[in-house]
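Enquirer: Here you go, this is query-v8.cif (mmCIF, C-alpha atoms).
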data_target
#
loop_
_atom_site.label_atom_id
_atom_site.label_comp_id
_atom_site.auth_asym_id
_atom_site.auth_seq_id
_atom_site.Cartn_x
_atom_site.Cartn_y
_atom_site.Cartn_z
CA MET A 1 -47.21 -66.36 12.01
CA MET A 2 -44.01 -68.40 12.11
CA THR A 3 -42.89 -66.86 8.79
CA THR A 4 -43.49 -63.35 10.10
CA THR A 5 -41.38 -64.06 13.21
CA ILE A 6 -38.52 -65.43 11.10
CA ALA A 7 -38.74 -62.44 8.76
CA ARG A 8 -38.59 -60.06 11.73
CA LYS A 9 -35.57 -61.86 13.13
CA ARG A 10 -33.84 -61.59 9.77
CA ILE A 11 -34.61 -57.88 9.55
CA ARG A 12 -33.24 -57.34 13.07
CA ALA A 13 -30.09 -59.31 12.22
CA ALA A 14 -29.66 -57.27 9.03
CA VAL A 15 -30.08 -53.95 10.89
CA ALA A 16 -27.62 -55.09 13.58
CA GLY A 17 -25.15 -56.21 10.91
CA ALA A 18 -25.56 -52.88 9.13
CA ALA A 19 -24.67 -51.07 12.37
CA VAL A 20 -21.50 -53.11 12.79
CA VAL A 21 -20.46 -52.65 9.14
CA PHE A 22 -21.25 -48.91 9.23
CA PHE A 23 -19.25 -48.15 12.36
CA VAL A 24 -16.32 -50.44 11.51
CA ALA A 25 -16.14 -48.73 8.10
CA ALA A 26 -16.21 -45.33 9.87
CA ALA A 27 -13.34 -46.45 12.13
CA ILE A 28 -11.29 -47.68 9.17
CA ALA A 29 -11.95 -44.64 7.00
CA SER A 30 -11.62 -42.21 9.90
CA GLN A 31 -9.54 -39.76 7.86
CA SER A 32 -11.77 -39.79 4.79
CA ARG A 33 -13.61 -36.58 4.00
CA PRO A 34 -17.17 -37.67 4.96
CA VAL A 35 -16.10 -39.11 8.33
CA ALA A 36 -13.83 -36.12 8.96
CA LEU A 37 -16.72 -33.76 8.20
CA ALA A 38 -18.98 -35.66 10.60
CA ARG A 39 -16.31 -35.45 13.31
CA GLU A 40 -15.80 -31.75 12.67
CA TRP A 41 -19.55 -31.18 12.86
CA ILE A 42 -19.77 -33.07 16.17
CA ALA A 43 -16.83 -31.05 17.52
CA ARG A 44 -18.53 -27.79 16.51
CA MET A 45 -21.86 -28.90 18.00
CA GLY A 46 -20.17 -30.02 21.22
CA ARG A 47 -18.16 -26.84 21.63
CA PRO A 48 -20.84 -24.82 23.48
CA LEU A 49 -21.41 -27.73 25.85
CA LEU A 50 -17.70 -28.14 26.62
CA SER A 51 -17.22 -24.37 26.90
CA ALA A 52 -20.12 -24.21 29.36
CA GLY A 53 -18.54 -27.05 31.35
CA ALA A 54 -15.19 -25.28 31.37
CA TYR A 55 -16.89 -22.04 32.49
CA VAL A 56 -18.63 -23.82 35.38
CA GLY A 57 -15.36 -25.55 36.32
CA GLY A 58 -13.55 -22.21 36.27
CA TYR A 59 -16.26 -20.64 38.41
CA VAL A 60 -16.00 -23.48 40.96
CA ARG A 61 -12.22 -23.07 41.03
CA SER A 62 -12.42 -19.33 41.61
CA ALA A 63 -15.17 -19.76 44.24
CA ALA A 64 -12.90 -22.19 46.07
CA GLY A 65 -10.30 -19.43 46.38
CA GLY A 66 -8.06 -20.52 43.57
CA ASP A 67 -7.94 -17.12 41.84
CA ALA A 68 -5.05 -15.64 43.81
CA ARG A 69 -3.09 -18.85 43.48
CA ASN A 70 -3.87 -18.98 39.76
CA GLU A 71 -2.69 -15.42 39.24
CA ARG A 72 0.53 -16.21 41.09
CA GLU A 73 1.01 -19.36 39.03
CA GLU A 74 0.32 -17.43 35.85
CA ASP A 75 2.87 -14.74 36.77
CA GLU A 76 5.39 -17.41 37.70
CA ARG A 77 4.83 -19.20 34.42
CA TYR A 78 5.22 -16.00 32.42
CA LEU A 79 8.33 -14.97 34.35
CA SER A 80 9.93 -18.40 33.91
CA ALA A 81 9.38 -18.29 30.19
CA SER A 82 10.62 -14.71 29.91
CA ALA A 83 13.69 -15.34 32.04
CA ALA A 84 14.59 -18.43 30.06
CA GLU A 85 14.22 -16.53 26.83
CA ILE A 86 16.41 -13.67 28.08
CA ARG A 87 19.11 -16.12 29.14
CA THR A 88 19.02 -17.75 25.75
CA LEU A 89 19.24 -14.44 24.00
CA ARG A 90 22.16 -13.29 26.14
CA LYS A 91 24.03 -16.46 25.36
CA GLU A 92 24.03 -15.79 21.67
CA ASN A 93 25.65 -13.04 19.77
CA GLU A 94 23.00 -10.40 19.25
CA SER A 95 23.64 -9.54 15.63
CA LEU A 96 24.25 -13.14 14.55
CA ARG A 97 21.17 -14.21 16.45
CA ARG A 98 19.09 -11.71 14.54
CA LEU A 99 20.43 -12.91 11.21
CA LEU A 100 20.13 -16.58 12.12
CA GLY A 101 16.72 -16.05 13.62
CA LEU A 102 15.45 -14.44 10.45
CA LYS A 103 16.92 -17.25 8.41
CA GLU A 104 15.53 -19.98 10.65
CA GLU A 105 12.14 -18.41 11.06
CA SER A 106 11.68 -17.92 7.36
CA ALA A 107 12.29 -21.67 6.92
CA VAL A 108 9.39 -22.48 9.25
CA ALA A 109 5.87 -21.92 8.02
CA LEU A 110 3.41 -20.96 10.73
CA GLN A 111 -0.26 -21.75 10.43
CA ALA A 112 -2.69 -20.08 12.85
CA ALA A 113 -5.68 -22.15 13.99
CA ASN A 114 -8.65 -21.74 16.30
CA VAL A 115 -9.20 -24.27 19.07
CA MET A 116 -12.59 -25.93 18.59
CA SER A 117 -12.57 -28.10 21.68
CA TYR A 118 -10.42 -29.21 24.58
CA ALA A 119 -10.82 -32.52 26.37
CA GLN A 120 -9.01 -34.16 29.24
CA ILE A 121 -9.54 -37.81 30.14
CA MET A 122 -7.40 -39.59 32.73
CA GLY A 123 -4.67 -36.98 32.46
CA ARG A 124 -4.46 -37.11 28.67
CA GLU A 125 -5.34 -33.83 26.98
CA THR A 126 -6.48 -33.30 23.41
CA LEU A 127 -7.27 -30.21 21.36
CA PHE A 128 -9.36 -30.11 18.20
CA ILE A 129 -8.29 -27.30 15.86
CA ASP A 130 -9.93 -25.94 12.74
CA ARG A 131 -7.03 -26.34 10.29
CA GLY A 132 -6.01 -29.58 8.65
CA ARG A 133 -4.46 -31.30 5.66
CA ASP A 134 -6.03 -28.82 3.23
CA GLU A 135 -3.92 -26.09 4.85
CA GLY A 136 -0.70 -28.12 4.71
CA ILE A 137 -0.80 -29.50 8.24
CA ALA A 138 0.55 -33.04 8.67
CA GLU A 139 0.82 -35.53 11.49
CA GLY A 140 3.83 -34.82 13.68
CA ASP A 141 3.76 -31.03 13.16
CA ILE A 142 4.50 -29.04 16.28
CA VAL A 143 1.85 -26.85 17.90
CA ILE A 144 2.78 -23.80 19.98
CA ASP A 145 0.80 -21.05 21.64
CA GLU A 146 1.06 -17.32 21.03
CA ASP A 147 3.76 -17.01 23.75
CA ARG A 148 5.90 -19.55 21.85
CA LEU A 149 5.34 -22.24 24.44
CA LEU A 150 5.14 -25.84 23.25
CA VAL A 151 1.57 -27.16 23.33
CA GLY A 152 1.91 -30.51 21.60
CA GLU A 153 1.98 -32.36 18.36
CA ILE A 154 -0.56 -33.05 15.61
CA MET A 155 -1.71 -36.61 16.23
CA GLU A 156 -4.23 -36.72 13.40
CA ALA A 157 -4.57 -34.41 10.41
CA LEU A 158 -8.03 -34.48 8.82
CA PRO A 159 -8.97 -32.57 5.65
CA GLY A 160 -10.32 -29.47 7.42
CA SER A 161 -9.34 -30.00 11.04
CA SER A 162 -6.72 -31.68 13.22
CA ARG A 163 -6.34 -33.25 16.61
CA VAL A 164 -3.49 -32.20 18.86
CA SER A 165 -2.01 -34.40 21.55
CA VAL A 166 -0.59 -32.26 24.35
CA ALA A 167 3.17 -32.68 24.90
CA SER A 168 2.73 -33.86 28.49
CA ASN A 169 0.44 -36.77 27.57
CA ALA A 170 1.73 -40.17 28.58
CA GLY A 171 3.58 -41.82 25.70
CA ARG A 172 4.82 -38.55 24.15
CA ALA A 173 8.55 -37.92 24.03
CA PHE A 174 10.82 -35.32 22.46
CA SER A 175 14.40 -34.16 22.70
CA GLY A 176 15.14 -30.97 24.54
CA SER A 177 17.76 -28.97 26.32
CA LEU A 178 18.03 -27.25 29.67
CA VAL A 179 18.19 -23.46 29.88
CA PRO A 180 20.39 -21.72 30.97
CA LEU A 181 23.07 -24.30 31.71
CA GLY A 182 22.62 -26.40 28.59
CA GLY A 183 22.69 -30.14 28.19
CA ASP A 184 20.70 -32.32 25.81
CA ILE A 185 17.99 -34.37 27.46
CA LEU A 186 15.07 -36.63 26.67
CA VAL A 187 11.66 -35.30 27.75
CA LYS A 188 8.78 -37.71 28.27
CA GLY A 189 5.14 -36.94 29.00
CA LEU A 190 3.68 -38.41 32.17
CA GLY A 191 0.12 -37.05 31.92
CA GLY A 192 -1.48 -34.33 34.07
CA ARG A 193 0.93 -31.64 32.72
CA ALA A 194 3.95 -33.48 34.17
CA LEU A 195 7.14 -34.12 32.22
CA ALA A 196 9.90 -36.60 33.04
CA LEU A 197 13.42 -35.41 32.22
CA GLU A 198 15.69 -38.31 31.37
CA LEU A 199 19.17 -38.98 30.04
CA ILE A 200 20.51 -35.86 31.75
CA PRO A 201 24.30 -36.23 31.66
CA TYR A 202 25.77 -36.79 35.10
CA ASP A 203 27.80 -33.58 35.00
CA THR A 204 24.90 -31.35 33.87
CA PRO A 205 23.64 -29.17 36.72
CA ILE A 206 19.86 -28.93 37.00
CA ARG A 207 17.98 -26.60 39.35
CA ASP A 208 14.37 -25.91 40.22
CA GLY A 209 13.09 -23.14 37.97
CA ASP A 210 15.32 -23.97 35.02
CA ALA A 211 13.52 -24.06 31.70
CA VAL A 212 13.17 -26.98 29.32
CA ARG A 213 13.54 -26.03 25.70
CA TRP A 214 12.10 -28.06 22.84
CA MET A 215 14.98 -29.01 20.57
CA PRO A 216 14.24 -31.20 17.56
CA LYS A 217 16.90 -33.55 16.26
CA GLY A 218 19.65 -31.84 14.34
CA GLN A 219 18.54 -28.33 15.32
CA ARG A 220 21.06 -26.62 17.54
CA GLU A 221 19.82 -23.05 17.42
CA GLY A 222 16.97 -21.19 15.81
CA VAL A 223 13.38 -20.79 16.98
CA ALA A 224 13.33 -20.84 20.78
CA ILE A 225 10.33 -22.81 21.96
CA PHE A 226 10.01 -23.57 25.66
CA ALA A 227 8.17 -26.62 26.90
CA GLY A 228 8.43 -26.76 30.68
CA ARG A 229 9.84 -25.57 33.96
CA VAL A 230 11.91 -27.83 36.20
CA VAL A 231 10.13 -28.38 39.51
CA ALA A 232 11.88 -31.29 41.12
CA GLY A 233 15.61 -30.78 40.77
CA THR A 234 17.10 -34.14 40.27
CA SER A 235 16.90 -37.54 41.78
CA ALA A 236 19.95 -39.53 42.80
CA PRO A 237 22.13 -40.23 39.79
CA THR A 238 22.06 -43.76 38.51
CA GLY A 239 24.95 -44.62 36.24
CA ALA A 240 25.90 -41.93 33.77
CA PHE A 241 22.56 -40.12 33.79
CA LYS A 242 20.29 -38.21 36.13
CA THR A 243 16.54 -37.71 35.98
CA GLY A 244 14.23 -34.84 36.90
CA ARG A 245 10.67 -33.57 36.72
CA ALA A 246 9.14 -30.56 35.03
CA VAL A 247 5.68 -29.10 34.42
CA LEU A 248 4.29 -27.96 31.11
CA LEU A 249 4.38 -24.18 30.72
CA ALA A 250 1.53 -23.94 28.22
CA ARG A 251 -2.10 -23.95 29.40
CA PRO A 252 -3.92 -26.03 26.78
CA ASP A 253 -7.28 -25.65 28.55
CA GLN A 254 -7.21 -21.87 28.18
CA LEU A 255 -6.11 -21.64 24.56
CA GLU A 256 -8.33 -20.12 21.92
CA ARG A 257 -5.75 -19.88 19.16
CA VAL A 258 -2.61 -21.88 18.45
CA LEU A 259 0.16 -21.82 15.85
CA VAL A 260 1.21 -24.91 13.92
CA LEU A 261 4.80 -25.19 12.68
CA THR A 262 4.32 -26.86 9.35
CA ARG A 263 7.24 -28.42 7.58
CA PRO A 264 8.10 -26.82 4.28
CA MET B 1 -42.72 -37.74 22.14
CA PRO B 2 -43.22 -41.30 20.87
CA ALA B 3 -42.16 -43.90 23.43
CA ILE B 4 -39.57 -45.34 21.04
CA PHE B 5 -37.54 -42.11 21.18
CA PHE B 6 -37.77 -41.61 24.93
CA ARG B 7 -34.88 -43.84 26.03
CA PRO B 8 -32.50 -42.83 23.19
CA THR B 9 -33.18 -39.17 24.08
CA LEU B 10 -32.42 -39.85 27.74
CA PHE B 11 -29.28 -41.72 26.66
CA ALA B 12 -28.12 -38.76 24.53
CA ALA B 13 -28.87 -36.36 27.41
CA THR B 14 -26.83 -38.51 29.82
CA LEU B 15 -23.91 -38.59 27.38
CA ALA B 16 -24.09 -34.79 26.97
CA ALA B 17 -24.25 -34.32 30.76
CA CYS B 18 -21.19 -36.53 31.21
CA LEU B 19 -19.20 -34.62 28.59
CA PHE B 20 -20.22 -31.38 30.35
CA LEU B 21 -19.09 -32.80 33.72
CA GLU B 22 -15.79 -33.98 32.25
CA ALA B 23 -15.12 -30.47 30.90
CA ALA B 24 -16.08 -28.93 34.25
CA LEU B 25 -13.81 -31.28 36.21
CA ALA B 26 -10.91 -30.69 33.80
CA ALA B 27 -11.36 -26.91 34.16
CA SER B 28 -11.65 -27.02 37.94
CA SER B 29 -8.45 -29.05 38.24
CA ARG B 30 -6.71 -26.97 35.52
CA GLY B 31 -5.57 -30.17 33.84
CA TYR B 32 -3.38 -31.30 36.73
CA LEU B 33 -5.72 -34.04 38.00
CA PRO B 34 -6.94 -36.92 35.84
CA VAL B 35 -10.63 -36.75 34.97
CA PRO B 36 -12.40 -40.14 35.02
CA PRO B 37 -14.06 -41.22 31.75
CA LEU B 38 -17.60 -40.46 32.89
CA ALA B 39 -19.06 -40.80 29.38
CA LEU B 40 -17.76 -44.35 29.15
CA VAL B 41 -19.34 -45.25 32.50
CA ALA B 42 -22.66 -43.69 31.44
CA VAL B 43 -22.61 -45.61 28.16
CA ALA B 44 -21.95 -48.87 30.02
CA ALA B 45 -24.77 -48.10 32.47
CA TRP B 46 -27.25 -47.62 29.62
CA MET B 47 -26.32 -50.79 27.73
CA PRO B 48 -28.77 -53.21 29.37
CA ALA B 49 -31.65 -50.80 28.67
CA PHE B 50 -31.69 -51.43 24.91
CA PRO B 51 -32.22 -54.45 22.67
CA VAL B 52 -29.16 -55.56 20.72
CA VAL B 53 -30.05 -53.67 17.49
CA GLY B 54 -30.70 -50.35 19.24
CA ARG B 55 -27.66 -50.91 21.42
CA LEU B 56 -25.35 -51.33 18.44
CA TRP B 57 -26.55 -48.14 16.74
CA LEU B 58 -26.69 -46.03 19.89
CA LEU B 59 -23.41 -47.20 21.37
CA GLY B 60 -21.70 -46.95 17.99
CA SER B 61 -22.87 -43.32 17.84
CA ALA B 62 -21.71 -42.74 21.41
CA GLY B 63 -18.32 -44.27 20.54
CA PHE B 64 -18.11 -41.93 17.54
CA VAL B 65 -18.75 -38.92 19.80
CA MET B 66 -16.31 -40.13 22.49
CA ASP B 67 -13.61 -40.70 19.87
CA THR B 68 -14.15 -37.21 18.47
CA PHE B 69 -13.38 -35.62 21.84
CA GLY B 70 -11.24 -38.33 23.44
CA PRO B 71 -7.48 -38.67 23.64
CA ASP B 72 -7.26 -42.04 21.85
CA PRO B 73 -6.85 -42.51 18.10
CA PHE B 74 -10.19 -42.45 16.29
CA GLY B 75 -11.88 -45.86 16.31
CA THR B 76 -10.70 -46.97 19.74
CA ARG B 77 -13.86 -46.19 21.71
CA LEU B 78 -16.02 -46.95 18.68
CA LEU B 79 -14.72 -50.50 18.30
CA SER B 80 -14.66 -51.19 22.02
CA ALA B 81 -18.27 -49.91 22.32
CA LEU B 82 -19.37 -52.24 19.50
CA ALA B 83 -17.58 -55.19 21.11
CA ALA B 84 -19.12 -54.33 24.48
CA ALA B 85 -22.58 -54.05 22.91
CA LEU B 86 -22.24 -57.62 21.69
CA ALA B 87 -20.66 -58.80 24.94
CA ALA B 88 -23.55 -57.25 26.88
CA GLU B 89 -25.95 -59.72 25.28
CA MET B 90 -23.93 -62.66 26.59
CA LEU B 91 -23.42 -61.07 30.00
CA MET B 92 -27.12 -60.37 30.42
CA ARG B 93 -27.96 -63.96 29.59
CA VAL B 94 -25.67 -65.35 32.26
CA SER B 95 -26.44 -62.76 34.93
CA THR B 96 -29.59 -62.46 36.99
CA ARG B 97 -30.54 -58.90 36.14
CA GLU B 98 -33.31 -58.74 38.69
CA SER B 99 -30.88 -58.89 41.60
CA ALA B 100 -29.10 -55.74 42.77
CA ALA B 101 -25.75 -57.38 42.04
CA GLY B 102 -26.86 -58.11 38.49
CA ARG B 103 -28.08 -54.56 37.93
CA VAL B 104 -24.79 -53.07 39.04
CA GLY B 105 -22.53 -55.91 37.99
CA VAL B 106 -23.40 -55.96 34.29
CA PRO B 107 -22.73 -52.24 33.65
CA ALA B 108 -19.62 -52.39 35.83
CA ALA B 109 -18.31 -55.40 33.91
CA LEU B 110 -19.09 -53.67 30.62
CA ALA B 111 -17.35 -50.46 31.69
CA ALA B 112 -14.30 -52.49 32.72
CA PHE B 113 -14.47 -54.40 29.43
CA MET B 114 -14.58 -51.17 27.40
CA TRP B 115 -11.76 -49.66 29.42
CA LEU B 116 -9.53 -52.73 29.21
CA SER B 117 -10.28 -53.52 25.56
CA ALA B 118 -9.27 -50.00 24.44
CA PRO B 119 -5.61 -50.93 23.69
CA LEU B 120 -6.76 -53.96 21.69
CA ALA B 121 -9.33 -51.87 19.81
CA ARG B 122 -6.68 -49.21 19.15
CA ALA B 123 -4.31 -51.80 17.71
CA SER B 124 -7.11 -53.39 15.66
CA ALA B 125 -8.13 -50.04 14.18
CA GLY B 126 -4.50 -49.38 13.26
CA TYR B 127 -3.96 -52.77 11.65
CA ILE B 128 -7.23 -52.70 9.71
CA SER B 129 -6.46 -49.19 8.40
CA ALA B 130 -2.92 -50.22 7.47
CA PHE B 131 -4.10 -53.24 5.51
CA LEU B 132 -7.09 -51.71 3.80
CA LEU B 133 -6.00 -48.14 3.09
#
When written as structure tokens, how does the structure in this file appear?

Expert:
Amino acid sequence: MMTTTIARKRIRAAVAGAAVVFFVAAAIASQSRPVALAREWIARMGRPLLSAGAYVGGYVRSAAGGDARNEREEDERYLSASAAEIRTLRKENESLRRLLGLKEESAVALQAANVMSYAQIMGRETLFIDRGRDEGIAEGDIVIDEDRLLVGEIMEALPGSSRVSVASNAGRAFSGSLVPLGGDILVKGLGGRALALELIPYDTPIRDGDAVRWMPKGQREGVAIFAGRVVAGTSAPTGAFKTGRAVLLARPDQLERVLVLTRP
Amino acid sequence: MPAIFFRPTLFAATLAACLFLEAALAASSRGYLPVPPLALVAVAAWMPAFPVVGRLWLLGSAGFVMDTFGPDPFGTRLLSALAAALAAEMLMRVSTRESAAGRVGVPAALAAFMWLSAPLARASAGYISAFLL
């Protein structure tokens, strides 16, 4: 009797130990093919559930009278992006722009991907897309939508899929410039689609409605990708710099397809 | 359905319902308002219902699912769920589960533990991966 009890305890301890070893190994080898396949499978299985949740949430929003406001916001978003693009185009010489644009765009490889799932927890948004390392996608690659609006950055590239961290997530930062008046700035994610604009030179004018353009280091011109729209002018200048606030132009929750700018 | 599968099935259904609710809340707020981690709270609430062996397997699986959809690097929720599963054993021994305070207090403490241990778990996952891979 005593021996049986001890044997059972040992079996339980072994099964518990196996669980710990199994899951710790899964966490360590999270980018290995078997774990990546399991994650991809879970994402595919969970997609109908999350889509149903998003549908119900959308229905509740429209029932609460948000449709008209949403349409207005959507128009505003589209107009902001279009106006910013027109200003940028005007600024540059048309023929040179075309030549440079062709040259720049041919240097950037675009990879189209389908969005498998979207999740938002405590203001941090993540997308799961169906293209990964096998297609040449690497961590740090930039993700844009079909309107050339910045969505985010690849935070994890798995063999057949990738996870995207949305640009406005807390802890994300990138260099940008203001359109139309120019000026290099630092853009930081605050969560909940909000962006903090920092290191704006004291003499750079900033107005509500101005656009924030994504501008990687060393790139002065080329592919125009817009990230946000200034919503809160500027706070009182402190020292040599001013600060401001912007909102993300892209709508990660409504995306079905995205484009990944892979590095050649 | 055999009795042994009843609670795990209910646990999986609760996790699915929480993921559904999180998606619905995110869609209704259009991403502008933070959605609370309902799945994490549900997982913490279910912890005292299982023996330690079942808890480790079930919560490890739940951590795997939460990490797949969550915003943290993979392994964060998984490791914090495993740590919480072990911590639950100690908490349940010191608490009086029969009282209302014990029933609510243990899951609440575990949810807080999982939430607060996430940065540590994230760093641990990163260090272990860096050393071993």

Enquirer: For Thr68 (chain B), work out the shell of residues within 9 Å, counting all atoms listed in the file and skipping chain neighbours fewer than 4 positions away, then give it as a list in words.

Expert: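 Answer for this query is Arg39, Glu40, Ile42, Ala43, Phe128 and Arg163 of chain A; Gly63, Phe64 and Phe74 of chain B.
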
Enquirer: With the file shown as input, list the residues that the PyMOL selection byres ((chain B and resi 82) around 9) selects, as a tab-separated table (two decimals) with C-alpha atoms, in the coordinates of the input.

Expert:
chain	number	residue	atom	x	y	z
A	19	ALA	CA	-24.67	-51.07	12.37
A	20	VAL	CA	-21.50	-53.11	12.79
A	23	PHE	CA	-19.25	-48.15	12.36
A	24	VAL	CA	-16.32	-50.44	11.51
B	55	ARG	CA	-27.66	-50.91	21.42
B	56	LEU	CA	-25.35	-51.33	18.44
B	57	TRP	CA	-26.55	-48.14	16.74
B	59	LEU	CA	-23.41	-47.20	21.37
B	60	GLY	CA	-21.70	-46.95	17.99
B	63	GLY	CA	-18.32	-44.27	20.54
B	77	ARG	CA	-13.86	-46.19	21.71
B	78	LEU	CA	-16.02	-46.95	18.68
B	79	LEU	CA	-14.72	-50.50	18.30
B	80	SER	CA	-14.66	-51.19	22.02
B	81	ALA	CA	-18.27	-49.91	22.32
B	83	ALA	CA	-17.58	-55.19	21.11
B	84	ALA	CA	-19.12	-54.33	24.48
B	85	ALA	CA	-22.58	-54.05	22.91
B	86	LEU	CA	-22.24	-57.62	21.69
B	87	ALA	CA	-20.66	-58.80	24.94

Enquirer: Would you translate the PyMOL selection byres ((chain A) within 7 of (chain B)) into the concrete set of residues it matches in this file, as a VMD selection string?

Expert: chain A and resid 12 15 to 16 19 23 to 24 27 to 28 30 39 42 to 43 49 to 50 53 to 54 56 to 58 60 to 61 119 to 126 192 to 193

Enquirer: How many Å lie between CA of Glu256 (chain A) and CA of Met45 (chain A), rounded to one decimal?

Expert: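 Atom-to-atom, CA of Glu256 (chain A) to CA of Met45 (chain A), that is 16.6 Å.
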
Enquirer: Give me, please, the distance in Å between CA of Ala121 (chain B) and CA of Met155 (chain A), quoted to one decimal.

Expert: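 Separation of CA of Ala121 (chain B) and CA of Met155 (chain A): 17.4 Å.
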
Enquirer: With the PyMOL selection byres ((chain A and resi 176-182) around 6) as the selection, what would be picked from this file? Answer as a VMD selection string, please.

Expert: chain A and resid 175 183 to 185 210 to 215

Enquirer: Please write a file for region 39-55 of chain B, taken from the block I just shared, that holds N, CA and C atoms and is laid out as a PDB file, in the first residue's frame.

Expert:
ATOM      1  N   ALA B  39      -8.137  37.007 -20.490  1.00  0.00           N
ATOM      2  CA  ALA B  39      -7.695  35.603 -20.511  1.00  0.00           C
ATOM      3  C   ALA B  39      -6.793  35.313 -19.315  1.00  0.00           C
ATOM      4  N   LEU B  40      -5.955  36.254 -18.983  1.00  0.00           N
ATOM      5  CA  LEU B  40      -5.047  36.080 -17.844  1.00  0.00           C
ATOM      6  C   LEU B  40      -5.838  35.970 -16.537  1.00  0.00           C
ATOM      7  N   VAL B  41      -6.853  36.798 -16.404  1.00  0.00           N
ATOM      8  CA  VAL B  41      -7.692  36.769 -15.190  1.00  0.00           C
ATOM      9  C   VAL B  41      -8.433  35.432 -15.098  1.00  0.00           C
ATOM     10  N   ALA B  42      -8.951  34.969 -16.258  1.00  0.00           N
ATOM     11  CA  ALA B  42      -9.680  33.693 -16.271  1.00  0.00           C
ATOM     12  C   ALA B  42      -8.764  32.535 -15.887  1.00  0.00           C
ATOM     13  N   VAL B  43      -7.545  32.572 -16.424  1.00  0.00           N
ATOM     14  CA  VAL B  43      -6.570  31.518 -16.117  1.00  0.00           C
ATOM     15  C   VAL B  43      -6.273  31.498 -14.617  1.00  0.00           C
ATOM     16  N   ALA B  44      -6.083  32.693 -14.044  1.00  0.00           N
ATOM     17  CA  ALA B  44      -5.799  32.793 -12.607  1.00  0.00           C
ATOM     18  C   ALA B  44      -6.989  32.288 -11.789  1.00  0.00           C
ATOM     19  N   ALA B  45      -8.205  32.583 -12.260  1.00  0.00           N
ATOM     20  CA  ALA B  45      -9.400  32.155 -11.525  1.00  0.00           C
ATOM     21  C   ALA B  45      -9.548  30.634 -11.523  1.00  0.00           C
ATOM     22  N   TRP B  46      -9.075  29.977 -12.580  1.00  0.00           N
ATOM     23  CA  TRP B  46      -9.211  28.525 -12.676  1.00  0.00           C
ATOM     24  C   TRP B  46      -8.115  27.768 -11.927  1.00  0.00           C
ATOM     25  N   MET B  47      -7.045  28.448 -11.578  1.00  0.00           N
ATOM     26  CA  MET B  47      -5.881  27.753 -11.010  1.00  0.00           C
ATOM     27  C   MET B  47      -6.202  26.874  -9.804  1.00  0.00           C
ATOM     28  N   PRO B  48      -6.948  27.388  -8.808  1.00  0.00           N
ATOM     29  CA  PRO B  48      -7.175  26.545  -7.625  1.00  0.00           C
ATOM     30  C   PRO B  48      -8.037  25.311  -7.906  1.00  0.00           C
ATOM     31  N   ALA B  49      -8.647  25.243  -9.086  1.00  0.00           N
ATOM     32  CA  ALA B  49      -9.560  24.130  -9.369  1.00  0.00           C
ATOM     33  C   ALA B  49      -8.836  22.847  -9.778  1.00  0.00           C
ATOM     34  N   PHE B  50      -7.540  22.922 -10.031  1.00  0.00           N
ATOM     35  CA  PHE B  50      -6.822  21.736 -10.526  1.00  0.00           C
ATOM     36  C   PHE B  50      -5.695  21.323  -9.580  1.00  0.00           C
ATOM     37  N   PRO B  51      -5.369  20.044  -9.556  1.00  0.00           N
ATOM     38  CA  PRO B  51      -4.180  19.616  -8.818  1.00  0.00           C
ATOM     39  C   PRO B  51      -2.925  20.099  -9.557  1.00  0.00           C
ATOM     40  N   VAL B  52      -1.801  20.066  -8.888  1.00  0.00           N
ATOM     41  CA  VAL B  52      -0.598  20.707  -9.430  1.00  0.00           C
ATOM     42  C   VAL B  52      -0.195  20.158 -10.805  1.00  0.00           C
ATOM     43  N   VAL B  53      -0.348  18.848 -11.026  1.00  0.00           N
ATOM     44  CA  VAL B  53       0.067  18.266 -12.315  1.00  0.00           C
ATOM     45  C   VAL B  53      -0.821  18.790 -13.450  1.00  0.00           C
ATOM     46  N   GLY B  54      -2.134  18.711 -13.240  1.00  0.00           N
ATOM     47  CA  GLY B  54      -3.080  19.200 -14.247  1.00  0.00           C
ATOM     48  C   GLY B  54      -2.911  20.694 -14.471  1.00  0.00           C
ATOM     49  N   ARG B  55      -2.640  21.396 -13.375  1.00  0.00           N
ATOM     50  CA  ARG B  55      -2.473  22.846 -13.460  1.00  0.00           C
ATOM     51  C   ARG B  55      -1.285  23.219 -14.358  1.00  0.00           C
TER      52      ARG B  55
END
